Amino acid sequence: RDRIDSEVMFIALNVLKLILCLLLVNHILASMWYAVGDLSRELRMTNWIDMGQYTEASLHYRYITSLHWSLTQFTPASMDVQPTNSIERAFAVAVLVFGLVLFSSFVSSITTSMTQLRSMQDDKSKQFWLLRRFLKQRNIDKHLSFRVLRYADYVCREQKDFVTESRLWVLNLLSEQLRNELTYAVSFCCMLQHPLFEKASTIAGSTMHQLSSKALSQQSLAAGDLLFVAGTNADHMHIVVDGRLQYARMPQFDEESVGVVSDDWICEAALWAQWIHLGDLQAATECKLVTIEVSSFGSTIKSNMHAWELATR
């Protein structure tokens with residue numbers, strides 16, 4: 001169970017497991033049904049094997065016939081094999097009672113799983129239908145509507161197979177340090193791409209973990225969003241987790257725009273000095289970034305002597 005990441009795949013495999021269990025039960029009942037018929041033959045009683053003239057049939061055909069009979073006891077279907085003596089009749093009644101309870105349980109479980117699958121897809125379709133109506137009713141222009149729908153679809157695809165923290169109330173039971181370590185490992189391990197943070201994680205791991213609750217945050221951008229513009233104060237450093245951005249300096253510098261891609265970092269100077277942006281940074285695709293808030297970073301690093309010495313070398 002823990003090896004399956006997709007909720008859809010887990011439900012589908014659960015349905016398959018139920019079907020296989022049903023076939024296994026019917027295999028056992030088919031074997032017992034044939035054994036009851038064979039016992040009746042040994043007792044020289046009228047039996048379903050002789051009545052159906054299955055004595056000379058192949059083992060394969062006799063097995064399939066018995067399996068067919070057992071399946072009909074679980075469903076409204078019928079066949080020409082019937083009990084012909086009191087022993088067979090008693091066994092058939094027992095199987096019917098057993099099947100009444102067991103088959104209803106199987107059907108209920110399979111129906112619940114199929115409803116879950118349908119509901120997951122229907123919820124997403126309904127949300128996008130409502131979003132389109134919302135945009136249309138408020139006369140949102142086509143370009144903005146396209147960007148909104150594209151980004152919503154991107155986020156849904158990204159989160160499709162991921163379990164969100166909001167669904168895990170058990171995480172609230174963790175200690176503060178353990179929660180910080182987990183958050184850092186889940187959301188901010190990309191910081192190890194930077195040499196300073198990689199070294200700091202080695203000599204002051206607990207301080208780096210504290211940053212996850214005090215100075216670090218995740219940021220998402222839709223294609224076309226501006227991260228910052230020229231002339232504004234740089235209060236954050238950014239590390240690109242996924243996507244591509246385009247940096248264009250102010251016209252007076254007469255420089256070509258530069259692409260910023262995954263594992264690149266931007267505005268590192270803001271950590272060490274007062275800094276003003278000299279250009280615009282715009283998302284070329286949907287992007288994910290880790291953002292480091294400058295003032296909180298400084299106060300957290302100062303709390304650890306080894307981390308502060310490393311940062312001020």
# chains A, B, ... in the order shown; residues from 1 in each chain; ligands from 1
$ residues_around --residues "A:Trp272" --least-positions-apart "4" --cutoff "12 Å" --atoms "only C-alpha atoms" --output "list in words"
Ala234, Asp235, His236, Met237, Cys267, Glu268, Val294, Ser295, Phe297, Gly298, Ala311, Thr312 and Arg313 of chain A
$ residues_around --residues "A:Thr291" --least-positions-apart "4" --cutoff "10 Å" --atoms "only C-alpha atoms" --output "list in words"
Phe188, Ala215, Leu216, Ser217, Gln218, Gln219, Asp235, His236, Met237, His238, Ile239, Val240, Trp265 and Ile266 of chain A
$ write_last_selection --atoms "N, CA, C and O atoms" --output "PDB file, in the first residue's frame"
ATOM      1  N   PHE A 188      12.256  22.575   0.944  1.00  0.00           N
ATOM      2  CA  PHE A 188      13.363  23.503   0.766  1.00  0.00           C
ATOM      3  C   PHE A 188      14.719  22.830   0.562  1.00  0.00           C
ATOM      4  O   PHE A 188      15.762  23.465   0.716  1.00  0.00           O
ATOM      5  N   ALA A 215      11.991  32.084   7.714  1.00  0.00           N
ATOM      6  CA  ALA A 215      12.452  32.923   6.603  1.00  0.00           C
ATOM      7  C   ALA A 215      12.163  32.357   5.223  1.00  0.00           C
ATOM      8  O   ALA A 215      12.255  33.085   4.227  1.00  0.00           O
ATOM      9  N   LEU A 216      11.810  31.081   5.149  1.00  0.00           N
ATOM     10  CA  LEU A 216      11.625  30.444   3.847  1.00  0.00           C
ATOM     11  C   LEU A 216      10.139  30.300   3.512  1.00  0.00           C
ATOM     12  O   LEU A 216       9.315  30.066   4.390  1.00  0.00           O
ATOM     13  N   SER A 217       9.833  30.423   2.243  1.00  0.00           N
ATOM     14  CA  SER A 217       8.461  30.213   1.775  1.00  0.00           C
ATOM     15  C   SER A 217       8.513  29.747   0.327  1.00  0.00           C
ATOM     16  O   SER A 217       9.520  29.929  -0.364  1.00  0.00           O
ATOM     17  N   GLN A 218       7.437  29.132  -0.110  1.00  0.00           N
ATOM     18  CA  GLN A 218       7.315  28.703  -1.494  1.00  0.00           C
ATOM     19  C   GLN A 218       6.456  29.697  -2.253  1.00  0.00           C
ATOM     20  O   GLN A 218       5.497  30.241  -1.709  1.00  0.00           O
ATOM     21  N   GLN A 219       6.810  29.920  -3.504  1.00  0.00           N
ATOM     22  CA  GLN A 219       6.060  30.861  -4.334  1.00  0.00           C
ATOM     23  C   GLN A 219       5.824  30.246  -5.701  1.00  0.00           C
ATOM     24  O   GLN A 219       6.733  29.630  -6.280  1.00  0.00           O
ATOM     25  N   ASP A 235      13.985  42.641  -1.201  1.00  0.00           N
ATOM     26  CA  ASP A 235      13.804  42.142   0.163  1.00  0.00           C
ATOM     27  C   ASP A 235      13.903  40.626   0.247  1.00  0.00           C
ATOM     28  O   ASP A 235      13.787  40.064   1.336  1.00  0.00           O
ATOM     29  N   HIS A 236      14.068  39.968  -0.890  1.00  0.00           N
ATOM     30  CA  HIS A 236      14.093  38.512  -0.916  1.00  0.00           C
ATOM     31  C   HIS A 236      15.153  38.002  -1.889  1.00  0.00           C
ATOM     32  O   HIS A 236      15.456  38.657  -2.893  1.00  0.00           O
ATOM     33  N   MET A 237      15.680  36.839  -1.552  1.00  0.00           N
ATOM     34  CA  MET A 237      16.470  36.057  -2.497  1.00  0.00           C
ATOM     35  C   MET A 237      15.571  34.930  -2.989  1.00  0.00           C
ATOM     36  O   MET A 237      14.713  34.441  -2.251  1.00  0.00           O
ATOM     37  N   HIS A 238      15.756  34.531  -4.241  1.00  0.00           N
ATOM     38  CA  HIS A 238      14.896  33.507  -4.823  1.00  0.00           C
ATOM     39  C   HIS A 238      15.739  32.380  -5.413  1.00  0.00           C
ATOM     40  O   HIS A 238      16.782  32.636  -6.026  1.00  0.00           O
ATOM     41  N   ILE A 239      15.254  31.139  -5.240  1.00  0.00           N
ATOM     42  CA  ILE A 239      15.863  29.963  -5.871  1.00  0.00           C
ATOM     43  C   ILE A 239      14.790  29.305  -6.733  1.00  0.00           C
ATOM     44  O   ILE A 239      13.686  29.031  -6.260  1.00  0.00           O
ATOM     45  N   VAL A 240      15.106  29.079  -8.004  1.00  0.00           N
ATOM     46  CA  VAL A 240      14.138  28.514  -8.938  1.00  0.00           C
ATOM     47  C   VAL A 240      14.103  26.995  -8.769  1.00  0.00           C
ATOM     48  O   VAL A 240      15.122  26.321  -8.919  1.00  0.00           O
ATOM     49  N   TRP A 265      19.770  30.827  -8.819  1.00  0.00           N
ATOM     50  CA  TRP A 265      19.293  31.691  -7.751  1.00  0.00           C
ATOM     51  C   TRP A 265      19.449  33.151  -8.169  1.00  0.00           C
ATOM     52  O   TRP A 265      20.285  33.511  -8.987  1.00  0.00           O
ATOM     53  N   ILE A 266      18.603  33.997  -7.579  1.00  0.00           N
ATOM     54  CA  ILE A 266      18.492  35.384  -7.980  1.00  0.00           C
ATOM     55  C   ILE A 266      18.507  36.267  -6.740  1.00  0.00           C
ATOM     56  O   ILE A 266      17.980  35.887  -5.691  1.00  0.00           O
TER      57      ILE A 266
END
$ atom_distance --atom1 "atom CA of A:Val258" --atom2 "atom CA of A:Glu286"
17.1 Å
$ closest_atom_pairs --of "stretch 154-250 of chain A" --to "stretch 122-143 of chain A" --cutoff "12 Å" --atoms "only C-alpha atoms" --output "JSON lines"
{"residue": "A:Val155", "atom": "CA", "partner": "A:Lys124", "partner_atom": "CA", "distance": 11.7}
{"residue": "A:Cys156", "atom": "CA", "partner": "A:Lys124", "partner_atom": "CA", "distance": 8.3}
{"residue": "A:Arg157", "atom": "CA", "partner": "A:Lys124", "partner_atom": "CA", "distance": 10.6}
{"residue": "A:Gln159", "atom": "CA", "partner": "A:Lys124", "partner_atom": "CA", "distance": 11.9}
{"residue": "A:Lys160", "atom": "CA", "partner": "A:Lys124", "partner_atom": "CA", "distance": 10.3}
{"residue": "A:Ala223", "atom": "CA", "partner": "A:His143", "partner_atom": "CA", "distance": 11.8}
{"residue": "A:Gly224", "atom": "CA", "partner": "A:His143", "partner_atom": "CA", "distance": 11.0}
$ write_last_selection --atoms "C-alpha atoms" --output "PDB file, in the first residue's frame"
ATOM      1  CA  VAL A 155      -1.657  23.224 -10.538  1.00  0.00           C
ATOM      2  CA  CYS A 156      -4.236  20.419 -10.705  1.00  0.00           C
ATOM      3  CA  ARG A 157      -1.874  18.257 -12.763  1.00  0.00           C
ATOM      4  CA  GLN A 159      -1.044  18.067  -7.302  1.00  0.00           C
ATOM      5  CA  LYS A 160      -2.846  15.102  -8.852  1.00  0.00           C
ATOM      6  CA  ALA A 223       3.330  32.324 -17.144  1.00  0.00           C
ATOM      7  CA  GLY A 224       3.562  36.096 -17.615  1.00  0.00           C
TER       8      GLY A 224
END
$ decode --residues "stretch 113-129 of chain A" --atoms "N, CA, C and O atoms" --output "PDB file, in the first residue's frame"
ATOM      1  N   SER A 113     -15.663   1.939  -4.420  1.00  0.00           N
ATOM      2  CA  SER A 113     -14.406   2.287  -5.097  1.00  0.00           C
ATOM      3  C   SER A 113     -14.665   2.971  -6.435  1.00  0.00           C
ATOM      4  O   SER A 113     -14.016   3.970  -6.776  1.00  0.00           O
ATOM      5  N   MET A 114     -15.601   2.453  -7.214  1.00  0.00           N
ATOM      6  CA  MET A 114     -15.918   3.057  -8.511  1.00  0.00           C
ATOM      7  C   MET A 114     -16.513   4.450  -8.328  1.00  0.00           C
ATOM      8  O   MET A 114     -16.249   5.364  -9.121  1.00  0.00           O
ATOM      9  N   THR A 115     -17.317   4.624  -7.281  1.00  0.00           N
ATOM     10  CA  THR A 115     -17.889   5.948  -6.997  1.00  0.00           C
ATOM     11  C   THR A 115     -16.795   6.944  -6.641  1.00  0.00           C
ATOM     12  O   THR A 115     -16.840   8.115  -7.047  1.00  0.00           O
ATOM     13  N   GLN A 116     -15.789   6.484  -5.884  1.00  0.00           N
ATOM     14  CA  GLN A 116     -14.654   7.342  -5.545  1.00  0.00           C
ATOM     15  C   GLN A 116     -13.931   7.800  -6.799  1.00  0.00           C
ATOM     16  O   GLN A 116     -13.589   8.985  -6.939  1.00  0.00           O
ATOM     17  N   LEU A 117     -13.660   6.863  -7.718  1.00  0.00           N
ATOM     18  CA  LEU A 117     -12.981   7.215  -8.963  1.00  0.00           C
ATOM     19  C   LEU A 117     -13.787   8.244  -9.757  1.00  0.00           C
ATOM     20  O   LEU A 117     -13.241   9.230 -10.254  1.00  0.00           O
ATOM     21  N   ARG A 118     -15.087   7.996  -9.881  1.00  0.00           N
ATOM     22  CA  ARG A 118     -15.944   8.898 -10.651  1.00  0.00           C
ATOM     23  C   ARG A 118     -16.029  10.266  -9.975  1.00  0.00           C
ATOM     24  O   ARG A 118     -16.008  11.302 -10.630  1.00  0.00           O
ATOM     25  N   SER A 119     -16.101  10.259  -8.654  1.00  0.00           N
ATOM     26  CA  SER A 119     -16.228  11.509  -7.908  1.00  0.00           C
ATOM     27  C   SER A 119     -14.986  12.377  -8.053  1.00  0.00           C
ATOM     28  O   SER A 119     -15.074  13.599  -8.187  1.00  0.00           O
ATOM     29  N   MET A 120     -13.807  11.734  -8.032  1.00  0.00           N
ATOM     30  CA  MET A 120     -12.556  12.482  -8.179  1.00  0.00           C
ATOM     31  C   MET A 120     -12.519  13.216  -9.506  1.00  0.00           C
ATOM     32  O   MET A 120     -12.107  14.374  -9.588  1.00  0.00           O
ATOM     33  N   GLN A 121     -12.933  12.548 -10.584  1.00  0.00           N
ATOM     34  CA  GLN A 121     -12.930  13.166 -11.899  1.00  0.00           C
ATOM     35  C   GLN A 121     -14.041  14.206 -12.021  1.00  0.00           C
ATOM     36  O   GLN A 121     -13.838  15.284 -12.588  1.00  0.00           O
ATOM     37  N   ASP A 122     -15.225  13.891 -11.467  1.00  0.00           N
ATOM     38  CA  ASP A 122     -16.362  14.811 -11.564  1.00  0.00           C
ATOM     39  C   ASP A 122     -16.102  16.112 -10.817  1.00  0.00           C
ATOM     40  O   ASP A 122     -16.497  17.189 -11.281  1.00  0.00           O
ATOM     41  N   ASP A 123     -15.442  16.035  -9.652  1.00  0.00           N
ATOM     42  CA  ASP A 123     -15.152  17.243  -8.877  1.00  0.00           C
ATOM     43  C   ASP A 123     -14.274  18.199  -9.663  1.00  0.00           C
ATOM     44  O   ASP A 123     -14.516  19.411  -9.681  1.00  0.00           O
ATOM     45  N   LYS A 124     -13.239  17.662 -10.312  1.00  0.00           N
ATOM     46  CA  LYS A 124     -12.349  18.503 -11.103  1.00  0.00           C
ATOM     47  C   LYS A 124     -13.091  19.108 -12.287  1.00  0.00           C
ATOM     48  O   LYS A 124     -12.973  20.314 -12.554  1.00  0.00           O
ATOM     49  N   SER A 125     -13.868  18.305 -13.003  1.00  0.00           N
ATOM     50  CA  SER A 125     -14.610  18.807 -14.169  1.00  0.00           C
ATOM     51  C   SER A 125     -15.599  19.885 -13.753  1.00  0.00           C
ATOM     52  O   SER A 125     -15.745  20.902 -14.442  1.00  0.00           O
ATOM     53  N   LYS A 126     -16.281  19.668 -12.616  1.00  0.00           N
ATOM     54  CA  LYS A 126     -17.252  20.648 -12.153  1.00  0.00           C
ATOM     55  C   LYS A 126     -16.578  21.959 -11.786  1.00  0.00           C
ATOM     56  O   LYS A 126     -17.100  23.048 -12.093  1.00  0.00           O
ATOM     57  N   GLN A 127     -15.416  21.882 -11.125  1.00  0.00           N
ATOM     58  CA  GLN A 127     -14.709  23.092 -10.744  1.00  0.00           C
ATOM     59  C   GLN A 127     -14.286  23.908 -11.967  1.00  0.00           C
ATOM     60  O   GLN A 127     -14.427  25.139 -11.982  1.00  0.00           O
ATOM     61  N   PHE A 128     -13.785  23.225 -12.990  1.00  0.00           N
ATOM     62  CA  PHE A 128     -13.368  23.949 -14.190  1.00  0.00           C
ATOM     63  C   PHE A 128     -14.570  24.516 -14.943  1.00  0.00           C
ATOM     64  O   PHE A 128     -14.483  25.595 -15.533  1.00  0.00           O
ATOM     65  N   TRP A 129     -15.707  23.807 -14.928  1.00  0.00           N
ATOM     66  CA  TRP A 129     -16.919  24.318 -15.552  1.00  0.00           C
ATOM     67  C   TRP A 129     -17.394  25.579 -14.833  1.00  0.00           C
ATOM     68  O   TRP A 129     -17.745  26.582 -15.466  1.00  0.00           O
TER      69      TRP A 129
END
